[in-house]
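K.L.:
For reference, the file query01.json (JSON, C-alpha atoms) is included below:
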[["chain", "number", "residue", "atom", "x", "y", "z"],
["A", 87, "MET", "CA", -18.64, -4.96, -1.42],
["A", 88, "ALA", "CA", -16.45, -1.88, -1.04],
["A", 89, "THR", "CA", -17.44, 0.82, 1.42],
["A", 90, "GLU", "CA", -18.03, 4.36, 0.21],
["A", 91, "LEU", "CA", -14.66, 5.48, 1.62],
["A", 92, "GLN", "CA", -12.87, 2.55, -0.04],
["A", 93, "LYS", "CA", -14.51, 3.50, -3.35],
["A", 94, "GLN", "CA", -13.34, 7.10, -2.94],
["A", 95, "LEU", "CA", -9.80, 5.99, -2.10],
["A", 96, "MET", "CA", -9.69, 3.62, -5.07],
["A", 97, "ASP", "CA", -11.02, 6.34, -7.39],
["A", 98, "VAL", "CA", -8.48, 8.93, -6.23],
["A", 99, "PHE", "CA", -5.54, 6.52, -6.33],
["A", 100, "ASN", "CA", -6.39, 4.60, -9.50],
["A", 101, "HIS", "CA", -7.41, 7.63, -11.56],
["A", 102, "SER", "CA", -5.60, 10.66, -10.15],
["A", 103, "ALA", "CA", -2.46, 9.68, -8.24],
["A", 104, "ARG", "CA", 0.66, 10.31, -10.29],
["A", 105, "ILE", "CA", 2.50, 7.51, -8.50],
["A", 106, "ALA", "CA", -0.16, 5.04, -9.64],
["A", 107, "LYS", "CA", 0.41, 6.07, -13.25],
["A", 108, "THR", "CA", 4.19, 6.04, -12.93],
["A", 109, "PHE", "CA", 4.38, 2.64, -11.24],
["A", 110, "GLY", "CA", 1.35, 1.13, -13.00],
["A", 111, "MET", "CA", -0.12, 0.19, -9.60],
["A", 112, "THR", "CA", -3.80, -0.42, -8.93],
["A", 113, "LEU", "CA", -5.60, -0.39, -5.59],
["A", 114, "SER", "CA", -8.42, -2.68, -4.53],
["A", 115, "TYR", "CA", -9.79, -3.93, -1.19],
["A", 116, "THR", "CA", -10.62, -7.33, 0.22],
["A", 117, "GLU", "CA", -13.95, -7.97, 1.93],
["A", 118, "GLU", "CA", -12.10, -7.63, 5.26],
["A", 119, "GLY", "CA", -11.00, -4.07, 4.37],
["A", 120, "ASN", "CA", -7.38, -4.90, 3.54],
["A", 121, "ALA", "CA", -5.79, -2.75, 0.84],
["A", 122, "VAL", "CA", -4.30, -4.70, -2.08],
["A", 123, "PHE", "CA", -1.85, -3.19, -4.56],
["A", 124, "ASP", "CA", -0.98, -4.89, -7.82],
["A", 125, "MET", "CA", 1.88, -3.78, -10.04],
["A", 126, "PRO", "CA", 2.96, -5.34, -13.33],
["A", 127, "TYR", "CA", 6.66, -5.94, -13.91],
["A", 128, "ASN", "CA", 8.48, -2.86, -15.21],
["A", 129, "PRO", "CA", 12.19, -3.20, -16.16],
["A", 130, "ASN", "CA", 12.67, 0.51, -15.41],
["A", 131, "PHE", "CA", 12.47, -0.35, -11.68],
["A", 132, "ASP", "CA", 15.34, -2.86, -11.75],
["A", 133, "HIS", "CA", 18.67, -2.19, -10.04],
["A", 134, "ALA", "CA", 22.05, -2.83, -11.72],
["A", 135, "LEU", "CA", 21.86, -6.61, -11.14],
["A", 136, "ASP", "CA", 18.41, -6.87, -12.78],
["A", 137, "GLY", "CA", 16.43, -7.38, -9.57],
["A", 138, "ILE", "CA", 13.52, -5.16, -8.58],
["A", 139, "HIS", "CA", 14.86, -2.25, -6.50],
["A", 140, "GLY", "CA", 14.18, -2.24, -2.76],
["A", 141, "GLY", "CA", 12.60, 1.20, -3.06],
["A", 142, "VAL", "CA", 9.79, -0.41, -5.04],
["A", 143, "TYR", "CA", 9.34, -2.97, -2.26],
["A", 144, "ALA", "CA", 9.13, -0.10, 0.26],
["A", 145, "THR", "CA", 6.61, 1.85, -1.82],
["A", 146, "MET", "CA", 4.35, -1.17, -2.26],
["A", 147, "ILE", "CA", 4.53, -2.04, 1.45],
["A", 148, "ASP", "CA", 3.90, 1.54, 2.63],
["A", 149, "ASN", "CA", 0.93, 1.93, 0.28],
["A", 150, "ALA", "CA", -0.69, -1.29, 1.51],
["A", 151, "GLY", "CA", -0.47, -0.19, 5.14],
["A", 152, "TRP", "CA", -1.43, 3.42, 4.55],
["A", 153, "PHE", "CA", -4.51, 2.64, 2.47],
["A", 154, "THR", "CA", -5.64, -0.06, 4.90],
["A", 155, "SER", "CA", -5.45, 2.43, 7.77],
["A", 156, "ALA", "CA", -7.04, 5.24, 5.73],
["A", 157, "ALA", "CA", -10.04, 3.08, 4.82],
["A", 158, "ALA", "CA", -10.68, 2.28, 8.50],
["A", 159, "GLN", "CA", -11.15, 5.94, 9.47],
["A", 160, "GLU", "CA", -14.27, 7.97, 10.03],
["A", 161, "THR", "CA", -15.27, 10.55, 7.48],
["A", 162, "GLY", "CA", -13.13, 13.65, 7.79],
["A", 163, "CYS", "CA", -10.06, 11.87, 9.18],
["A", 164, "TRP", "CA", -6.85, 11.25, 7.35],
["A", 165, "VAL", "CA", -3.64, 9.39, 8.20],
["A", 166, "ALA", "CA", 0.09, 9.83, 7.74],
["A", 167, "THR", "CA", 2.83, 7.23, 7.90],
["A", 168, "SER", "CA", 4.60, 7.72, 11.22],
["A", 169, "GLU", "CA", 6.91, 4.72, 11.24],
["A", 170, "LEU", "CA", 7.73, 1.99, 8.73],
["A", 171, "SER", "CA", 9.82, -1.15, 9.23],
["A", 172, "ILE", "CA", 10.60, -3.34, 6.23],
["A", 173, "ARG", "CA", 12.17, -6.74, 5.93],
["A", 174, "PHE", "CA", 13.49, -7.69, 2.49],
["A", 175, "LEU", "CA", 13.03, -11.47, 2.51],
["A", 176, "GLU", "CA", 13.83, -12.54, -1.05],
["A", 177, "PRO", "CA", 15.02, -10.90, -4.26],
["A", 178, "ALA", "CA", 12.58, -10.65, -7.13],
["A", 179, "GLN", "CA", 13.35, -10.53, -10.85],
["A", 180, "LYS", "CA", 11.13, -9.91, -13.83],
["A", 181, "THR", "CA", 7.85, -10.42, -11.97],
["A", 182, "SER", "CA", 4.69, -8.60, -11.03],
["A", 183, "LEU", "CA", 4.21, -7.63, -7.39],
["A", 184, "ARG", "CA", 1.28, -7.65, -4.97],
["A", 185, "SER", "CA", 1.19, -6.04, -1.53],
["A", 186, "VAL", "CA", -1.53, -6.62, 1.03],
["A", 187, "GLY", "CA", -2.13, -4.65, 4.22],
["A", 188, "LYS", "CA", -3.86, -5.76, 7.39],
["A", 189, "LEU", "CA", -4.83, -3.58, 10.34],
["A", 190, "ILE", "CA", -3.57, -5.28, 13.49],
["A", 191, "LYS", "CA", -4.37, -2.49, 16.00],
["A", 192, "LYS", "CA", -6.87, 0.32, 15.55],
["A", 193, "GLY", "CA", -6.36, 3.17, 17.96],
["A", 194, "LYS", "CA", -7.76, 6.64, 18.57],
["A", 195, "ARG", "CA", -4.55, 8.37, 17.40],
["A", 196, "LEU", "CA", -2.42, 5.54, 15.95],
["A", 197, "ASP", "CA", -3.11, 2.52, 13.79],
["A", 198, "ILE", "CA", -0.67, -0.34, 13.42],
["A", 199, "ALA", "CA", -0.66, -2.40, 10.23],
["A", 200, "GLU", "CA", 1.17, -5.41, 8.91],
["A", 201, "MET", "CA", 1.98, -5.67, 5.22],
["A", 202, "HIS", "CA", 3.08, -8.55, 2.99],
["A", 203, "LEU", "CA", 4.69, -8.32, -0.44],
["A", 204, "TYR", "CA", 4.42, -11.19, -2.92],
["A", 205, "ASP", "CA", 5.92, -11.84, -6.33],
["A", 206, "GLY", "CA", 3.84, -12.98, -9.31],
["A", 207, "ASN", "CA", 4.10, -16.61, -8.17],
["A", 208, "GLY", "CA", 2.67, -15.84, -4.72],
["A", 209, "ARG", "CA", 6.07, -16.13, -3.03],
["A", 210, "LEU", "CA", 6.47, -13.92, 0.07],
["A", 211, "ILE", "CA", 9.39, -11.58, -0.72],
["A", 212, "GLY", "CA", 8.88, -8.71, 1.73],
["A", 213, "HIS", "CA", 7.23, -7.96, 5.06],
["A", 214, "GLY", "CA", 6.58, -4.73, 6.87],
["A", 215, "THR", "CA", 4.90, -3.17, 9.84],
["A", 216, "GLY", "CA", 3.81, 0.43, 10.03],
["A", 217, "THR", "CA", 2.40, 2.96, 12.42],
["A", 218, "PHE", "CA", -0.04, 5.45, 10.94],
["A", 219, "ILE", "CA", -1.04, 8.58, 12.83],
["A", 220, "VAL", "CA", -4.69, 9.58, 12.62],
["A", 221, "LEU", "CA", -5.16, 13.22, 11.64],
["A", 222, "SER", "CA", -8.58, 14.76, 12.10],
["A", 223, "HIS", "CA", -10.46, 16.79, 9.53],
["A", 224, "ILE", "CA", -7.95, 16.86, 6.70],
["A", 225, "PRO", "CA", -9.99, 16.30, 3.55],
["A", 226, "PHE", "CA", -8.37, 14.89, 0.46],
["A", 227, "ALA", "CA", -9.00, 16.49, -2.87],
["A", 228, "LYS", "CA", -8.89, 15.05, -6.33],
["A", 229, "GLY", "CA", -6.44, 16.59, -8.73]]
Would you mind writing the structure in this file as structure tokens?
P.N.:
Amino acid sequence: MATELQKQLMDVFNHSARIAKTFGMTLSYTEEGNAVFDMPYNPNFDHALDGIHGGVYATMIDNAGWFTSAAAQETGCWVATSELSIRFLEPAQKTSLRSVGKLIKKGKRLDIAEMHLYDGNGRLIGHGTGTFIVLSHIPFAKG
């Protein structure tokens, strides 16, 4: 069952975020509080050799970490990506993508998350770690 904050984050992302509409991404959460992003294949995101562009990998990985960290905060806190490290493990062609975040260290001012990116067959194609700085009392607004 999603927490109230997870429900708010899903509502804002899935219904209001322009990037969600542009990429066709949807956000959900696991029971453990891990953010999950699903994106159908879109040929507009292919590079010149018909593989999915690395920038899409990076976006999916960053979102999974950011939304995992954001959902772990107290009411009134917000986060910002401070550092992101990505490993491109395998190329992907003509496939949907799924990224999953996991909080590996919760801190007072910094959270550290690990993110995995999978193709539509469940093959691990990307991995990332991220540091997310906790900002106090920055409300998010719909719209």
K.L.:
Could you state the separation of CA of Val220 in chain A and CA of Trp152 in chain A in Å, given to one decimal place?
P.N.:
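For CA of Val220 in chain A relative to CA of Trp152 in chain A, the distance reads 10.7 Å.
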K.L.:
With 10 Å as the threshold, what does the neighbourhood of (-4.1, -3.3, -0.7) contain in terms of residues, counting all atoms listed in the file? Coordinates are those of the file; answer as a list in words.
P.N.:
Met96, Thr112, Leu113, Ser114, Tyr115, Thr116, Gly119, Asn120, Ala121, Val122, Phe123, Asp124, Met146, Ile147, Asp148, Asn149, Ala150, Gly151, Trp152, Phe153, Thr154, Arg184, Ser185, Val186, Gly187, Lys188, Met201 and His202 of chain A
K.L.:
Could you check which of A:His213, A:Arg104, A:His133, A:Arg195 is closest to Glu176 in chain A, using all atoms listed in the file?
P.N.:
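Using all atoms listed in the file, the shortest distance to Glu176 in chain A belongs to A:His213.
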K.L.:
Show me the residues around (1.6, 4.2, -14.2) - criterion: an atom at most 12 Å away, all atoms listed in the file counted - as an NGL selection string.
P.N.:
:A and (99-112 or 124-128 or 130)
K.L.:
Between A:Ile172, A:Ala156, A:Leu95, A:Ala178, which one has atoms that come closest to Ala144 in chain A, using only C-alpha atoms?
P.N.:
A:Ile172
K.L.:
Enter the distance from CA of Gly208 in chain A to CA of Thr145 in chain A, in Å, rounded to one decimal.
P.N.:
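Taking CA of Gly208 in chain A and CA of Thr145 in chain A, their separation equals 18.4 Å.
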K.L.:
How many Å separate CA of Ile219 in chain A from CA of Ser168 in chain A?
P.N.:
5.9 Å
K.L.:
Once you add 3 Å to each side, what are the centre and edge lengths of the axis-aligned box holding all listed atoms of range 131-150 of chain A? One decimal in Å, as AutoDock Vina command-line options, if you can.
P.N.:
--center_x 10.7 --center_y -2.7 --center_z -5.1 --size_x 28.7 --size_y 15.3 --size_z 21.4
K.L.:
Find, counting all atoms listed in the file, the residue in A:Val98, A:Ser182, A:Gly212, A:Ile198 that gets nearest to Gly141 in chain A.
P.N.:
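Checking each candidate against Gly141 in chain A, we get A:Gly212 as the closest.
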K.L.:
Mind writing range 173-216 of chain A to a file for me, with C-alpha atoms, as a CSV table (one decimal), in the first residue's frame?
P.N.:
chain,number,residue,atom,x,y,z
A,173,ARG,CA,27.3,2.7,-15.9
A,174,PHE,CA,26.0,1.8,-19.4
A,175,LEU,CA,26.2,-2.0,-19.3
A,176,GLU,CA,24.5,-3.1,-22.5
A,177,PRO,CA,22.9,-1.4,-25.5
A,178,ALA,CA,19.1,-1.6,-25.9
A,179,GLN,CA,17.1,-1.6,-29.1
A,180,LYS,CA,13.4,-1.4,-29.7
A,181,THR,CA,12.4,-2.3,-26.2
A,182,SER,CA,10.6,-0.8,-23.2
A,183,LEU,CA,12.6,0.2,-20.2
A,184,ARG,CA,12.2,-0.1,-16.4
A,185,SER,CA,14.3,1.6,-13.7
A,186,VAL,CA,14.1,0.8,-10.0
A,187,GLY,CA,15.7,2.8,-7.2
A,188,LYS,CA,16.7,1.6,-3.8
A,189,LEU,CA,17.8,3.7,-0.8
A,190,ILE,CA,21.1,2.3,0.5
A,191,LYS,CA,21.9,5.1,3.0
A,192,LYS,CA,19.4,7.5,4.6
A,193,GLY,CA,21.1,10.5,6.2
A,194,LYS,CA,20.1,13.8,7.8
A,195,ARG,CA,21.3,15.9,4.9
A,196,LEU,CA,22.2,13.3,2.2
A,197,ASP,CA,20.6,10.1,0.9
A,198,ILE,CA,22.5,7.6,-1.3
A,199,ALA,CA,20.6,5.4,-3.7
A,200,GLU,CA,21.3,2.7,-6.1
A,201,MET,CA,19.4,2.4,-9.4
A,202,HIS,CA,19.0,-0.4,-11.9
A,203,LEU,CA,17.8,-0.1,-15.5
A,204,TYR,CA,16.3,-3.1,-17.3
A,205,ASP,CA,15.1,-3.7,-20.8
A,206,GLY,CA,11.7,-5.2,-21.6
A,207,ASN,CA,13.1,-8.7,-21.2
A,208,GLY,CA,14.4,-8.0,-17.7
A,209,ARG,CA,18.0,-7.8,-18.8
A,210,LEU,CA,20.1,-5.4,-16.7
A,211,ILE,CA,21.4,-2.7,-19.1
A,212,GLY,CA,22.3,0.1,-16.8
A,213,HIS,CA,23.3,0.8,-13.2
A,214,GLY,CA,23.7,4.0,-11.2
A,215,THR,CA,24.4,5.4,-7.8
A,216,GLY,CA,23.3,8.8,-6.7
